[in-house]
$ cat my_file08.pdb   # PDB, C-alpha atoms and all ligand atoms
ATOM      1  CA  MET A  46      81.693  83.703  44.704
ATOM      2  CA  LYS A  47      84.591  85.529  43.064
ATOM      3  CA  ALA A  48      82.562  86.410  39.963
ATOM      4  CA  SER A  49      79.552  87.693  41.898
ATOM      5  CA  LEU A  50      81.767  89.744  44.207
ATOM      6  CA  ILE A  51      83.500  91.366  41.276
ATOM      7  CA  ILE A  52      80.325  91.983  39.254
ATOM      8  CA  SER A  53      78.497  93.560  42.194
ATOM      9  CA  ALA A  54      81.525  95.712  42.946
ATOM     10  CA  LEU A  55      82.231  97.037  39.449
ATOM     11  CA  PRO A  56      79.832 100.018  39.483
ATOM     12  CA  LEU A  57      81.301 101.160  42.793
ATOM     13  CA  LEU A  58      84.890 100.736  41.736
ATOM     14  CA  PHE A  59      84.758 102.162  38.240
ATOM     15  CA  GLY A  60      81.983 104.688  38.747
ATOM     16  CA  LEU A  61      78.262 104.538  38.353
ATOM     17  CA  PRO A  62      76.631 104.738  34.910
ATOM     18  CA  SER A  63      76.470 108.318  33.622
ATOM     19  CA  SER A  64      72.737 108.531  34.374
ATOM     20  CA  TYR A  65      73.652 108.274  38.066
ATOM     21  CA  ILE A  66      76.484 110.740  38.006
ATOM     22  CA  ASP A  67      74.404 113.918  38.484
ATOM     23  CA  GLU A  68      75.968 115.049  41.745
ATOM     24  CA  GLU A  69      72.868 116.716  43.139
ATOM     25  CA  GLN A  70      70.904 113.507  42.646
ATOM     26  CA  ALA A  71      73.656 111.505  44.313
ATOM     27  CA  TRP A  72      73.592 113.668  47.415
ATOM     28  CA  LYS A  73      69.817 113.649  47.486
ATOM     29  CA  HIS A  74      69.797 109.866  47.578
ATOM     30  CA  GLU A  75      72.477 109.927  50.286
ATOM     31  CA  MET A  76      74.833 107.611  48.418
ATOM     32  CA  ILE A  77      77.682 109.338  50.220
ATOM     33  CA  PRO A  78      76.506 111.263  53.286
ATOM     34  CA  ILE A  79      77.955 114.781  53.167
ATOM     35  CA  GLU A  80      78.485 114.985  56.921
ATOM     36  CA  LEU A  81      81.230 112.359  56.793
ATOM     37  CA  GLY A  82      83.530 114.961  55.216
ATOM     38  CA  LEU A  83      85.183 112.614  52.728
ATOM     39  CA  ASN A  84      87.283 115.581  51.593
ATOM     40  CA  ASP A  85      89.159 115.296  54.885
ATOM     41  CA  VAL A  86      90.459 111.767  54.321
ATOM     42  CA  VAL A  87      94.153 111.595  53.520
ATOM     43  CA  TRP A  88      95.680 109.006  51.194
ATOM     44  CA  GLU A  89      99.016 107.583  52.214
ATOM     45  CA  ALA A  90     100.945 104.806  50.522
ATOM     46  CA  PRO A  91     101.304 101.730  52.725
ATOM     47  CA  SER A  92     104.655 101.172  54.428
ATOM     48  CA  SER A  93     106.492  97.899  53.929
ATOM     49  CA  ASN A  94     105.192  96.690  57.334
ATOM     50  CA  ASP A  95     101.529  97.283  56.468
ATOM     51  CA  ALA A  96      99.308  94.354  55.488
ATOM     52  CA  ARG A  97      97.368  94.578  52.227
ATOM     53  CA  SER A  98      94.895  92.251  50.496
ATOM     54  CA  PRO A  99      93.972  91.085  46.971
ATOM     55  CA  CYS A 100      90.959  93.451  47.213
ATOM     56  CA  PRO A 101      91.515  96.935  45.752
ATOM     57  CA  PHE A 102      88.624  98.339  47.787
ATOM     58  CA  LEU A 103      89.963  97.152  51.155
ATOM     59  CA  ASN A 104      93.449  98.370  50.246
ATOM     60  CA  THR A 105      92.233 101.838  49.340
ATOM     61  CA  ALA A 106      90.097 101.961  52.507
ATOM     62  CA  ALA A 107      93.271 101.275  54.504
ATOM     63  CA  ASN A 108      95.322 103.764  52.475
ATOM     64  CA  HIS A 109      92.729 106.413  53.420
ATOM     65  CA  ASP A 110      92.605 105.375  57.104
ATOM     66  CA  LEU A 111      88.921 104.405  56.827
ATOM     67  CA  ILE A 112      90.097 101.107  58.314
ATOM     68  CA  PRO A 113      93.470 100.901  60.124
ATOM     69  CA  ARG A 114      96.330 101.933  57.823
ATOM     70  CA  SER A 115      98.341  98.981  59.127
ATOM     71  CA  GLY A 116      95.760  96.639  57.569
ATOM     72  CA  ARG A 117      95.750  94.691  60.842
ATOM     73  CA  GLY A 118      93.300  94.274  63.690
ATOM     74  CA  ILE A 119      90.326  95.463  61.617
ATOM     75  CA  ASP A 120      86.995  95.368  63.418
ATOM     76  CA  PRO A 121      84.357  93.924  61.032
ATOM     77  CA  ASP A 122      81.805  96.340  62.552
ATOM     78  CA  ARG A 123      83.998  99.250  61.459
ATOM     79  CA  LEU A 124      84.143  97.788  57.940
ATOM     80  CA  ASP A 125      80.370  97.415  57.966
ATOM     81  CA  LYS A 126      80.056 101.103  58.856
ATOM     82  CA  VAL A 127      82.436 102.130  56.063
ATOM     83  CA  LEU A 128      80.444 100.084  53.544
ATOM     84  CA  THR A 129      77.079 101.513  54.606
ATOM     85  CA  ASP A 130      77.847 105.077  55.732
ATOM     86  CA  ILE A 131      80.660 105.930  53.322
ATOM     87  CA  VAL A 132      80.286 103.662  50.279
ATOM     88  CA  GLY A 133      76.494 103.832  50.600
ATOM     89  CA  LEU A 134      75.810 100.100  50.334
ATOM     90  CA  ASP A 135      72.540  98.703  51.537
ATOM     91  CA  GLN A 136      72.831  97.122  55.005
ATOM     92  CA  SER A 137      72.121  93.610  53.664
ATOM     93  CA  ILE A 138      74.764  93.873  50.921
ATOM     94  CA  ALA A 139      77.303  95.223  53.423
ATOM     95  CA  LYS A 140      76.577  92.262  55.699
ATOM     96  CA  PHE A 141      77.133  89.892  52.750
ATOM     97  CA  PHE A 142      80.599  91.406  52.158
ATOM     98  CA  VAL A 143      81.558  91.531  55.830
ATOM     99  CA  LYS A 144      80.577  87.890  56.371
ATOM    100  CA  GLN A 145      83.486  86.929  54.084
ATOM    101  CA  VAL A 146      86.022  88.001  56.734
ATOM    102  CA  LEU A 147      84.571  86.052  59.657
ATOM    103  CA  PRO A 148      86.406  82.776  58.863
ATOM    104  CA  ILE A 149      89.771  84.570  59.133
ATOM    105  CA  ALA A 150      88.887  86.683  62.195
ATOM    106  CA  TYR A 151      90.701  86.226  65.514
ATOM    107  CA  LEU A 152      90.316  87.688  69.014
ATOM    108  CA  ASN A 153      92.533  90.688  69.798
ATOM    109  CA  ASP A 154      93.860  91.685  73.269
ATOM    110  CA  GLN A 155      90.488  93.207  74.179
ATOM    111  CA  GLY A 156      88.621  90.073  73.143
ATOM    112  CA  ILE A 157      87.194  91.772  70.026
ATOM    113  CA  GLN A 158      86.960  89.775  66.783
ATOM    114  CA  VAL A 159      89.270  91.391  64.216
ATOM    115  CA  PHE A 160      91.053  90.403  61.002
ATOM    116  CA  ASP A 161      94.160  91.268  58.995
ATOM    117  CA  LEU A 162      94.140  92.169  55.306
ATOM    118  CA  ASP A 163      96.986  89.786  54.452
ATOM    119  CA  SER A 164      94.906  86.865  55.750
ATOM    120  CA  LEU A 165      92.740  87.361  52.641
ATOM    121  CA  GLN A 166      95.705  86.431  50.436
ATOM    122  CA  LYS A 167      95.244  83.095  48.715
TER     123      LYS A 167
HETATM  124  C1  LIG A 201      84.007  93.290  53.446
HETATM  125  C2  LIG A 201      84.276  93.788  52.270
HETATM  126  C3  LIG A 201      85.108  93.090  51.220
HETATM  127  C4  LIG A 201      85.856  91.944  51.311
HETATM  128  C5  LIG A 201      86.077  91.025  52.518
HETATM  129  C6  LIG A 201      86.455  91.730  50.017
HETATM  130  C7  LIG A 201      87.310  90.685  49.704
HETATM  131  C8  LIG A 201      87.878  90.463  48.480
HETATM  132  C9  LIG A 201      88.742  89.332  48.155
HETATM  133  C10 LIG A 201      89.131  88.198  49.114
HETATM  134  C11 LIG A 201      89.094  89.472  46.863
HETATM  135  C12 LIG A 201      89.982  88.521  46.045
HETATM  136  C13 LIG A 201      89.071  87.518  45.372
HETATM  137  C14 LIG A 201      89.847  86.486  44.581
HETATM  138  O1  LIG A 201      90.820  86.844  43.901
HETATM  139  O2  LIG A 201      89.466  85.307  44.638
HETATM  140  C15 LIG A 201      88.466  90.688  46.346
HETATM  141  C16 LIG A 201      88.602  91.148  45.065
HETATM  142  C17 LIG A 201      87.995  92.276  44.603
HETATM  143  N1  LIG A 201      87.234  93.183  45.325
HETATM  144 FE1  LIG A 201      86.743  93.030  47.279
HETATM  145  N2  LIG A 201      86.075  92.737  49.171
HETATM  146  C18 LIG A 201      85.248  93.580  49.869
HETATM  147  C19 LIG A 201      84.625  94.722  49.394
HETATM  148  C20 LIG A 201      84.754  95.197  48.119
HETATM  149  C21 LIG A 201      84.088  96.377  47.625
HETATM  150  C22 LIG A 201      83.111  97.230  48.424
HETATM  151  C23 LIG A 201      84.506  96.526  46.345
HETATM  152  C24 LIG A 201      84.168  97.594  45.364
HETATM  153  C25 LIG A 201      83.910  98.840  45.703
HETATM  154  C26 LIG A 201      85.424  95.450  46.040
HETATM  155  C27 LIG A 201      86.050  95.266  44.830
HETATM  156  C28 LIG A 201      86.820  94.171  44.490
HETATM  157  C29 LIG A 201      87.366  93.923  43.144
HETATM  158  C30 LIG A 201      87.147  94.774  41.902
HETATM  159  C31 LIG A 201      88.103  92.736  43.219
HETATM  160  C32 LIG A 201      88.875  92.017  42.087
HETATM  161  C33 LIG A 201      90.323  92.489  42.081
HETATM  162  C34 LIG A 201      91.165  91.755  41.027
HETATM  163  O3  LIG A 201      90.775  90.685  40.537
HETATM  164  O4  LIG A 201      92.249  92.270  40.713
HETATM  165  N3  LIG A 201      85.557  94.671  47.139
HETATM  166  N4  LIG A 201      87.744  91.265  47.359
END

$ encode --input "my_file08.pdb" --output "structure tokens" --more "lines below"
Ligand code: HEM
Amino acid sequence: MKASLIISALPLLFGLPSSYIDEEQAWKHEMIPIELGLNDVVWEAPSSNDARSPCPFLNTAANHDLIPRSGRGIDPDRLDKVLTDIVGLDQSIAKFFVKQVLPIAYLNDQGIQVFDLDSLQK
């Protein structure tokens, strides 16, 4: 599981092959929808109280407030939306990733299933 997760994630993390880098092409194929205004996201280092995970993607999503900066109480549906609408993953691949958090999810005060990034620590 670890190997397949890492292999499938490498192009996203380290950049797509140069043949895919043509920006116009990227927009045309809606890999990153323009209307989401990714330029507006603000990176902030986590505070010592924030939860982080062994996953560099989830940590950077939290550092950019795409999922809660605290790294706690994350709604898997929100993560699904980040993976599809912002990262540009296919719905079925996003679902494969999101399924990994269900075993560590718990019910929050509103009865919504959520999870914390530090629960992904081994
Ligand atoms: C729901 C979404 C995701 C979950 C729950 C998740 C979870 C994890 C977990 C638990 C690990 C640690 C695996 C281990 O050490 O055994 C990990 C590692 C990793 N993840 Fe994610 N991940 C997600 C999405 C992504 C995405 C979208 C990317 C790439 C864009 C990514 C890139 C990586 C990389 C490169 C590692 C290896 C880090 C290292 O070994 O230092 N992940 N992820």

$ closest_residue --input "my_file08.pdb" --among "A:Phe102, A:Leu165, A:Val86, A:Phe160" --to "A:Arg117" --atoms "all atoms listed in the file"
A:Phe160

$ closest_residue --input "my_file08.pdb" --among "A:Pro99, A:Pro148, A:Gly118, A:Pro113" --to "ligand LIG 201 (chain A)" --atoms "all atoms listed in the file"
A:Pro99

$ atom_distance --input "my_file08.pdb" --atom1 "atom CA of A:Arg97" --atom2 "atom CA of A:Arg123"
16.9 Å

$ residues_around --input "my_file08.pdb" --residues "A:Asp122" --least-positions-apart "2" --cutoff "10 Å" --atoms "all atoms listed in the file" --output "count of residues only"
11

$ residues_near_point --input "my_file08.pdb" --point "(76.3, 96.1, 50.9)" --cutoff "12 Å" --atoms "all atoms listed in the file" --output "PyMOL selection string"
chain A and resi 50+53-54+57+76+124-144

$ write_last_selection --input "my_file08.pdb" --atoms "C-alpha atoms" --output "compact mmCIF listing (two decimals), keeping the file's coordinate frame"
# COMPACT_ATOMS: atom_id res chain seq x y z
CA LEU A 50 81.77 89.74 44.21
CA SER A 53 78.50 93.56 42.19
CA ALA A 54 81.53 95.71 42.95
CA LEU A 57 81.30 101.16 42.79
CA MET A 76 74.83 107.61 48.42
CA LEU A 124 84.14 97.79 57.94
CA ASP A 125 80.37 97.42 57.97
CA LYS A 126 80.06 101.10 58.86
CA VAL A 127 82.44 102.13 56.06
CA LEU A 128 80.44 100.08 53.54
CA THR A 129 77.08 101.51 54.61
CA ASP A 130 77.85 105.08 55.73
CA ILE A 131 80.66 105.93 53.32
CA VAL A 132 80.29 103.66 50.28
CA GLY A 133 76.49 103.83 50.60
CA LEU A 134 75.81 100.10 50.33
CA ASP A 135 72.54 98.70 51.54
CA GLN A 136 72.83 97.12 55.00
CA SER A 137 72.12 93.61 53.66
CA ILE A 138 74.76 93.87 50.92
CA ALA A 139 77.30 95.22 53.42
CA LYS A 140 76.58 92.26 55.70
CA PHE A 141 77.13 89.89 52.75
CA PHE A 142 80.60 91.41 52.16
CA VAL A 143 81.56 91.53 55.83
CA LYS A 144 80.58 87.89 56.37

$ atom_distance --input "my_file08.pdb" --atom1 "atom CA of A:Ala150" --atom2 "atom CA of A:Asp95"
17.5 Å

$ residues_near_point --input "my_file08.pdb" --point "(104.3, 97.5, 59.1)" --cutoff "10 Å" --atoms "all atoms listed in the file" --output "number ranges by chain"
A: 91-96, 114-117

$ atom_distance --input "my_file08.pdb" --atom1 "atom O4 of ligand LIG 201 (chain A)" --atom2 "atom CA of A:His109"
19.0 Å

$ closest_residue --input "my_file08.pdb" --among "A:Pro101, A:Ile112, A:Trp88, A:Leu162" --to "ligand LIG 201 (chain A)" --atoms "only C-alpha atoms and all ligand atoms"
A:Pro101

$ axis_aligned_box --input "my_file08.pdb" --around "ligand LIG 201 (chain A)" --padding-each-side "4 Å" --output "lines of an AutoDock Vina configuration file"
center_x = 87.7
center_y = 92.1
center_z = 47.0
size_x = 17.1
size_y = 21.5
size_z = 20.9

$ closest_residue --input "my_file08.pdb" --among "A:Ala106, A:Ser98, A:Pro121, A:Leu147" --to "A:Asp163" --atoms "all atoms listed in the file"
A:Ser98

$ closest_residue --input "my_file08.pdb" --among "A:Leu152, A:Val146, A:Leu111, A:Val87" --to "ligand LIG 201 (chain A)" --atoms "only C-alpha atoms and all ligand atoms"
A:Val146
